[in-house]
$ cat entry_24.csv   # CSV, C-alpha atoms
chain,number,residue,atom,x,y,z
A,1,MET,CA,5.5,8.3,19.8
A,2,ALA,CA,2.1,6.7,19.9
A,3,ALA,CA,2.0,3.0,19.0
A,4,GLU,CA,0.5,2.0,15.7
A,5,LYS,CA,-3.2,1.0,16.2
A,6,LYS,CA,-4.2,-1.5,13.6
A,7,ILE,CA,-7.8,-2.7,13.6
A,8,LYS,CA,-9.5,-5.1,11.2
A,9,LYS,CA,-13.1,-5.9,10.7
A,10,THR,CA,-12.8,-9.4,11.9
A,11,GLU,CA,-10.0,-11.2,13.8
A,12,ARG,CA,-8.2,-13.6,11.4
A,13,GLN,CA,-6.9,-16.9,12.7
A,14,PRO,CA,-3.6,-18.2,11.4
A,15,TRP,CA,-3.9,-20.4,8.4
A,16,PRO,CA,-2.5,-24.0,8.8
A,17,SER,CA,0.8,-24.3,6.9
A,18,ASP,CA,-0.7,-26.8,4.5
A,19,ALA,CA,-4.1,-25.1,4.1
A,20,LEU,CA,-3.3,-21.7,2.6
A,21,PRO,CA,-5.8,-20.9,-0.2
A,22,GLU,CA,-4.3,-20.2,-3.6
A,23,SER,CA,-7.3,-18.4,-5.0
A,24,GLU,CA,-7.2,-14.7,-5.9
A,25,GLU,CA,-9.7,-13.7,-3.2
A,26,GLN,CA,-10.7,-10.1,-2.9
A,27,THR,CA,-8.8,-8.5,0.0
A,28,PRO,CA,-9.9,-5.4,2.1
A,29,VAL,CA,-8.9,-2.0,1.0
A,30,LYS,CA,-5.9,-0.9,3.1
A,31,LEU,CA,-6.2,2.6,4.5
A,32,LEU,CA,-4.0,4.7,6.7
A,33,LEU,CA,-5.6,7.2,9.1
A,34,VAL,CA,-3.3,10.0,10.5
A,35,GLU,CA,-5.3,11.7,13.3
A,36,ASP,CA,-4.2,12.8,16.7
A,37,ASP,CA,-7.6,13.1,18.2
A,38,ASP,CA,-8.1,9.7,19.9
A,39,SER,CA,-11.9,10.0,20.1
A,40,LEU,CA,-12.4,11.0,16.5
A,41,ALA,CA,-9.9,8.4,15.3
A,42,GLU,CA,-11.7,5.6,17.2
A,43,GLU,CA,-15.0,6.7,15.6
A,44,ILE,CA,-13.5,6.8,12.1
A,45,VAL,CA,-11.7,3.5,12.5
A,46,GLY,CA,-14.8,1.7,13.8
A,47,ASP,CA,-17.0,3.0,11.0
A,48,LEU,CA,-14.6,2.3,8.2
A,49,CYS,CA,-13.8,-1.2,9.5
A,50,GLY,CA,-17.5,-1.8,9.6
A,51,ARG,CA,-17.6,-0.9,5.9
A,52,GLY,CA,-14.9,-3.5,5.0
A,53,TYR,CA,-11.8,-1.4,5.1
A,54,GLU,CA,-8.6,-2.5,6.9
A,55,VAL,CA,-7.4,0.6,8.8
A,56,SER,CA,-4.1,1.4,10.4
A,57,ARG,CA,-3.7,4.6,12.5
A,58,ALA,CA,-0.9,7.0,13.2
A,59,ALA,CA,-1.3,9.7,15.8
A,60,THR,CA,1.5,12.1,14.7
A,61,GLY,CA,2.7,13.5,11.4
A,62,THR,CA,6.1,11.9,11.8
A,63,GLU,CA,4.6,8.5,12.5
A,64,GLY,CA,2.2,8.9,9.6
A,65,LEU,CA,5.0,9.7,7.2
A,66,GLU,CA,7.0,6.6,8.3
A,67,MET,CA,4.0,4.3,8.0
A,68,ALA,CA,3.0,5.7,4.6
A,69,ARG,CA,6.5,5.1,3.3
A,70,LYS,CA,6.6,1.5,4.5
A,71,GLY,CA,3.0,0.4,4.0
A,72,ASP,CA,1.1,-0.6,1.0
A,73,TYR,CA,-2.0,1.6,1.4
A,74,ALA,CA,-4.6,2.3,-1.2
A,75,LEU,CA,-5.9,5.4,0.6
A,76,LEU,CA,-4.6,7.9,3.1
A,77,VAL,CA,-6.8,10.1,5.4
A,78,MET,CA,-4.8,12.8,7.1
A,79,ASP,CA,-5.6,15.5,9.6
A,80,ARG,CA,-4.1,18.8,8.7
A,81,MET,CA,-3.0,19.9,12.2
A,82,LEU,CA,-0.8,17.2,13.6
A,83,PRO,CA,1.9,17.1,16.3
A,84,GLY,CA,5.5,16.5,15.3
A,85,MET,CA,4.9,17.4,11.6
A,86,ASP,CA,1.8,19.0,10.1
A,87,GLY,CA,-0.3,17.2,7.7
A,88,LEU,CA,0.5,19.3,4.6
A,89,SER,CA,4.2,18.9,5.2
A,90,VAL,CA,3.7,15.1,5.4
A,91,LEU,CA,1.7,15.2,2.2
A,92,GLU,CA,4.2,17.4,0.3
A,93,THR,CA,7.0,15.0,1.4
A,94,LEU,CA,5.1,11.9,0.2
A,95,ARG,CA,4.4,13.5,-3.2
A,96,GLU,CA,8.1,14.6,-3.6
A,97,GLN,CA,9.1,11.0,-2.9
A,98,GLY,CA,6.7,9.7,-5.6
A,99,MET,CA,4.0,8.3,-3.4
A,100,THR,CA,0.8,8.4,-5.5
A,101,MET,CA,-2.0,7.0,-3.3
A,102,PRO,CA,-5.1,9.2,-3.1
A,103,VAL,CA,-5.2,11.4,0.0
A,104,LEU,CA,-8.2,13.0,1.7
A,105,VAL,CA,-7.3,15.9,4.1
A,106,LEU,CA,-9.3,16.5,7.2
A,107,SER,CA,-9.3,19.9,8.8
A,108,ALA,CA,-11.3,22.3,11.0
A,109,LEU,CA,-10.0,25.1,8.7
A,110,SER,CA,-12.8,25.7,6.3
A,111,ALA,CA,-11.8,28.9,4.5
A,112,VAL,CA,-11.4,28.7,0.7
A,113,ASP,CA,-7.7,29.5,0.9
A,114,ASP,CA,-7.2,26.7,3.4
A,115,ARG,CA,-8.9,24.2,1.1
A,116,ILE,CA,-6.9,25.4,-1.8
A,117,SER,CA,-3.6,25.0,0.1
A,118,GLY,CA,-4.6,21.5,1.0
A,119,LEU,CA,-5.2,20.5,-2.6
A,120,LYS,CA,-2.1,22.3,-3.9
A,121,ALA,CA,0.0,20.4,-1.3
A,122,GLY,CA,-1.0,17.2,-3.1
A,123,GLY,CA,-4.4,16.3,-1.5
A,124,ASP,CA,-7.1,14.8,-3.7
A,125,ASP,CA,-10.0,15.9,-1.5
A,126,TYR,CA,-10.6,18.1,1.5
A,127,LEU,CA,-13.2,17.5,4.1
A,128,THR,CA,-13.9,20.0,6.9
A,129,LYS,CA,-14.7,19.1,10.5
A,130,PRO,CA,-17.2,18.4,11.8
A,131,PHE,CA,-18.5,15.9,9.3
A,132,VAL,CA,-20.8,12.9,9.2
A,133,MET,CA,-19.3,9.4,8.6
A,134,GLU,CA,-21.5,8.8,5.6
A,135,GLU,CA,-19.9,11.7,3.7
A,136,LEU,CA,-16.4,10.6,4.6
A,137,ALA,CA,-17.2,7.1,3.3
A,138,ALA,CA,-18.8,8.4,0.1
A,139,ARG,CA,-15.7,10.6,-0.6
A,140,LEU,CA,-13.4,7.6,-0.1
A,141,GLU,CA,-15.4,5.5,-2.4
A,142,ALA,CA,-15.3,8.3,-5.0
A,143,LEU,CA,-11.5,8.5,-4.7
A,144,LEU,CA,-11.2,4.7,-5.3
A,145,ARG,CA,-13.3,5.0,-8.4
A,146,ARG,CA,-11.4,8.0,-9.7
A,147,PRO,CA,-9.2,7.3,-12.8
A,148,VAL,CA,-5.5,7.7,-12.3
A,149,TYR,CA,-5.2,10.6,-14.8
A,150,GLY,CA,-2.2,12.7,-13.8
A,151,ARG,CA,-0.9,10.0,-11.5
A,152,ALA,CA,1.9,7.5,-12.1
A,153,SER,CA,0.4,4.6,-13.9
A,154,MET,CA,3.8,3.3,-15.0
A,155,LEU,CA,6.6,2.0,-12.7
A,156,LYS,CA,10.1,1.9,-14.2
A,157,LEU,CA,13.0,0.4,-12.4
A,158,GLY,CA,16.2,-0.5,-14.2
A,159,PRO,CA,15.2,-2.8,-17.1
A,160,LEU,CA,11.7,-3.4,-15.6
A,161,GLU,CA,8.6,-1.5,-16.7
A,162,MET,CA,5.2,-2.1,-15.2
A,163,ASP,CA,1.9,-0.7,-16.6
A,164,LEU,CA,-0.4,-0.6,-13.7
A,165,LEU,CA,-3.5,0.1,-15.8
A,166,GLU,CA,-3.1,-2.5,-18.5
A,167,ARG,CA,-1.4,-4.9,-16.0
A,168,ARG,CA,1.6,-5.6,-18.3
A,169,VAL,CA,5.2,-6.1,-17.5
A,170,ARG,CA,8.3,-5.8,-19.7
A,171,ARG,CA,12.0,-6.3,-19.1
A,172,ASP,CA,14.1,-4.6,-21.7
A,173,GLY,CA,11.1,-4.8,-24.1
A,174,ARG,CA,10.5,-8.5,-23.4
A,175,GLU,CA,6.9,-9.1,-22.4
A,176,ILE,CA,6.5,-11.0,-19.1
A,177,ASP,CA,3.2,-12.8,-18.5
A,178,LEU,CA,2.2,-12.7,-14.8
A,179,LEU,CA,-0.7,-14.1,-12.9
A,180,PRO,CA,-2.5,-11.5,-10.7
A,181,ARG,CA,-0.7,-12.5,-7.5
A,182,GLU,CA,2.6,-12.5,-9.2
A,183,PHE,CA,1.9,-9.0,-10.6
A,184,ARG,CA,1.0,-7.7,-7.1
A,185,LEU,CA,4.1,-9.3,-5.6
A,186,LEU,CA,6.4,-7.8,-8.3
A,187,GLU,CA,4.8,-4.4,-7.9
A,188,TYR,CA,5.4,-4.5,-4.1
A,189,MET,CA,9.1,-5.3,-4.7
A,190,VAL,CA,9.5,-2.7,-7.4
A,191,ARG,CA,8.2,0.0,-5.0
A,192,ARG,CA,10.8,-1.1,-2.5
A,193,PRO,CA,14.1,-1.7,-4.5
A,194,ASN,CA,17.3,-2.7,-2.8
A,195,THR,CA,15.3,-3.4,0.4
A,196,VAL,CA,15.2,-6.8,2.2
A,197,LEU,CA,11.6,-7.9,2.3
A,198,THR,CA,10.9,-10.6,4.9
A,199,ARG,CA,8.4,-13.4,4.5
A,200,THR,CA,6.3,-11.8,7.2
A,201,MET,CA,6.1,-8.5,5.3
A,202,LEU,CA,5.1,-10.2,2.1
A,203,LEU,CA,2.5,-12.4,3.7
A,204,GLU,CA,0.9,-9.4,5.5
A,205,ASP,CA,1.1,-6.9,2.6
A,206,VAL,CA,0.7,-9.0,-0.5
A,207,TRP,CA,-1.5,-11.9,0.7
A,208,ASN,CA,-3.0,-10.0,3.6
A,209,TYR,CA,-2.3,-13.0,6.0
A,210,ARG,CA,-0.8,-13.1,9.4
A,211,PHE,CA,2.7,-14.7,9.5
A,212,VAL,CA,2.3,-18.5,9.2
A,213,PRO,CA,5.3,-20.6,10.4
A,214,ARG,CA,6.4,-23.5,8.3
A,215,THR,CA,4.7,-22.4,5.1
A,216,ASN,CA,6.6,-22.1,1.9
A,217,LEU,CA,3.9,-20.0,0.1
A,218,VAL,CA,6.2,-17.0,-0.4
A,219,ASP,CA,9.1,-19.0,-1.5
A,220,VAL,CA,7.0,-20.9,-4.1
A,221,HIS,CA,5.7,-17.6,-5.6
A,222,ILE,CA,9.1,-15.9,-5.5
A,223,GLY,CA,10.5,-18.9,-7.4
A,224,LYS,CA,7.8,-18.7,-10.1
A,225,LEU,CA,8.3,-14.9,-10.4
A,226,ARG,CA,12.1,-15.2,-10.6
A,227,ARG,CA,11.9,-17.8,-13.4
A,228,LYS,CA,9.7,-15.3,-15.4
A,229,VAL,CA,11.7,-12.1,-14.6
A,230,ASP,CA,15.2,-13.5,-14.7
A,231,LYS,CA,15.8,-15.5,-17.8
A,232,ASP,CA,19.1,-17.3,-18.7
A,233,GLY,CA,21.7,-14.7,-19.7
A,234,GLU,CA,20.0,-11.9,-17.9
A,235,GLU,CA,21.5,-10.3,-14.8
A,236,PRO,CA,19.4,-11.5,-11.8
A,237,LEU,CA,17.2,-9.0,-10.2
A,238,ILE,CA,15.4,-11.1,-7.6
A,239,HIS,CA,17.7,-12.3,-4.8
A,240,SER,CA,17.2,-14.5,-1.8
A,241,ILE,CA,18.8,-13.2,1.4
A,242,ARG,CA,19.8,-16.1,3.5
A,243,GLY,CA,18.0,-16.1,6.9
A,244,ALA,CA,16.2,-12.8,6.1
A,245,GLY,CA,14.0,-12.7,3.0
A,246,PHE,CA,14.2,-11.4,-0.5
A,247,CYS,CA,15.4,-8.3,-2.4
A,248,LEU,CA,14.9,-6.8,-5.8
A,249,ARG,CA,18.3,-5.4,-6.7
A,250,VAL,CA,18.7,-2.9,-9.6
A,251,PRO,CA,21.9,-3.2,-11.6
A,252,GLU,CA,24.2,-0.2,-11.4
$ encode --input "entry_24.csv" --output "structure tokens"
Amino acid sequence: MAAEKKIKKTERQPWPSDALPESEEQTPVKLLLVEDDDSLAEEIVGDLCGRGYEVSRAATGTEGLEMARKGDYALLVMDRMLPGMDGLSVLETLREQGMTMPVLVLSALSAVDDRISGLKAGGDDYLTKPFVMEELAARLEALLRRPVYGRASMLKLGPLEMDLLERRVRRDGREIDLLPREFRLLEYMVRRPNTVLTRTMLLEDVWNYRFVPRTNLVDVHIGKLRRKVDKDGEEPLIHSIRGAGFCLRVPE
């Protein structure tokens, strides 16, 4: 299996443990590219990173499926013909599992029936090869602007309900007022219930930082979030896993 290739526009340096910014800075759009052609993949990654995207790459369908499940990607660009597992099978599997990120399908198959099958499998757009990078970038921008009609705009997990459009959270009808970072942190946990989430995972995927030793940034935010989500008399949902990280557990 090909190793994950993760490229960013600029090389970040680790933040000192006492100098992490608390501002809600705008972070790059995270995108997953699933493409087995190394030359084409390198061209796409280079162009999109130059436009401000943060791009991860998988070279097989199986690897792409695994990365899409575990990652926190805003967009997915996937070749149709892939080794291991074809792109449409990956796409159908992701949709069946409730993954709702926009997906642009790349393919050398340009017949109308081929394009229709790509869209019916769950694709949001279909771009035939060869193509120019400007068109790919324009289509991705359009997908990011597209309203989420027909897509899941609500997350429900046990007593929790998250409205992703209005940015509102309720627990058994009780309104929970969250700051933007807290909302993003809770959404990340709700999408991964009953899973141990390490501090490294949270720093990389929620804050978009590299792992920073000796910082308690994650612990501080988890503490604030727990006090808002788990009130006295309510069954705790957010748990600390000693020596590992944190977990959102749903009551039976």
$ atom_distance --input "entry_24.csv" --atom1 "atom CA of A:Leu104" --atom2 "atom CA of A:Val77"
4.9 Å
$ residues_around --input "entry_24.csv" --residues "stretch 178-183 of chain A" --least-positions-apart "3" --cutoff "9 Å" --atoms "only C-alpha atoms" --output "VMD selection string"
chain A and resid 24 162 167 to 169 186 to 188 206 to 207 221 to 222 224 to 225 228
$ atom_distance --input "entry_24.csv" --atom1 "atom CA of A:Ile116" --atom2 "atom CA of A:Lys70"
28.2 Å
$ closest_atom_pairs --input "entry_24.csv" --of "stretch 142-229 of chain A" --to "stretch 238-242 of chain A" --cutoff "12 Å" --atoms "only C-alpha atoms" --output "tab-separated table"
residue	atom	partner	partner_atom	distance
A:Leu160	CA	A:Ile238	CA	11.7
A:Leu185	CA	A:Ile238	CA	11.6
A:Leu186	CA	A:Ile238	CA	9.6
A:Met189	CA	A:Ile238	CA	9.0
A:Val190	CA	A:Ile238	CA	10.3
A:Pro193	CA	A:Ile238	CA	10.0
A:Asn194	CA	A:His239	CA	9.8
A:Thr195	CA	A:Ile241	CA	10.5
A:Val196	CA	A:Ile241	CA	7.4
A:Leu197	CA	A:Ile241	CA	9.0
A:Thr198	CA	A:Ile241	CA	9.0
A:Arg199	CA	A:Ile241	CA	10.9
A:Val218	CA	A:Ser240	CA	11.4
A:Asp219	CA	A:Ser240	CA	9.3
A:His221	CA	A:Ile238	CA	11.8
A:Ile222	CA	A:Ile238	CA	8.2
A:Gly223	CA	A:Ile238	CA	9.2
A:Lys224	CA	A:Ile238	CA	11.0
A:Leu225	CA	A:Ile238	CA	8.5
A:Arg226	CA	A:Ile238	CA	6.1
A:Arg227	CA	A:Ile238	CA	9.5
A:Lys228	CA	A:Ile238	CA	10.5
A:Val229	CA	A:Ile238	CA	8.0
$ closest_residue --input "entry_24.csv" --among "A:Met101, A:Ala41, A:Leu106, A:Cys247" --to "A:Gly71" --atoms "only C-alpha atoms"
A:Met101
$ atom_distance --input "entry_24.csv" --atom1 "atom CA of A:Gly233" --atom2 "atom CA of A:Gly173"
15.2 Å
$ residues_around --input "entry_24.csv" --residues "stretch 118-124 of chain A" --least-positions-apart "2" --cutoff "8 Å" --atoms "all atoms listed in the file" --output "list in words"
Leu88, Ser89, Leu91, Glu92, Arg95, Pro102, Val103, Leu104, Val105, Asp114, Arg115, Ile116, Tyr126 and Leu143 of chain A
$ write_last_selection --input "entry_24.csv" --atoms "C-alpha atoms" --output "PDB file, keeping the file's coordinate frame"
ATOM      1  CA  LEU A  88       0.500  19.300   4.600  1.00  0.00           C
ATOM      2  CA  SER A  89       4.200  18.900   5.200  1.00  0.00           C
ATOM      3  CA  LEU A  91       1.700  15.200   2.200  1.00  0.00           C
ATOM      4  CA  GLU A  92       4.200  17.400   0.300  1.00  0.00           C
ATOM      5  CA  ARG A  95       4.400  13.500  -3.200  1.00  0.00           C
ATOM      6  CA  PRO A 102      -5.100   9.200  -3.100  1.00  0.00           C
ATOM      7  CA  VAL A 103      -5.200  11.400   0.000  1.00  0.00           C
ATOM      8  CA  LEU A 104      -8.200  13.000   1.700  1.00  0.00           C
ATOM      9  CA  VAL A 105      -7.300  15.900   4.100  1.00  0.00           C
ATOM     10  CA  ASP A 114      -7.200  26.700   3.400  1.00  0.00           C
ATOM     11  CA  ARG A 115      -8.900  24.200   1.100  1.00  0.00           C
ATOM     12  CA  ILE A 116      -6.900  25.400  -1.800  1.00  0.00           C
ATOM     13  CA  TYR A 126     -10.600  18.100   1.500  1.00  0.00           C
ATOM     14  CA  LEU A 143     -11.500   8.500  -4.700  1.00  0.00           C
TER      15      LEU A 143
END
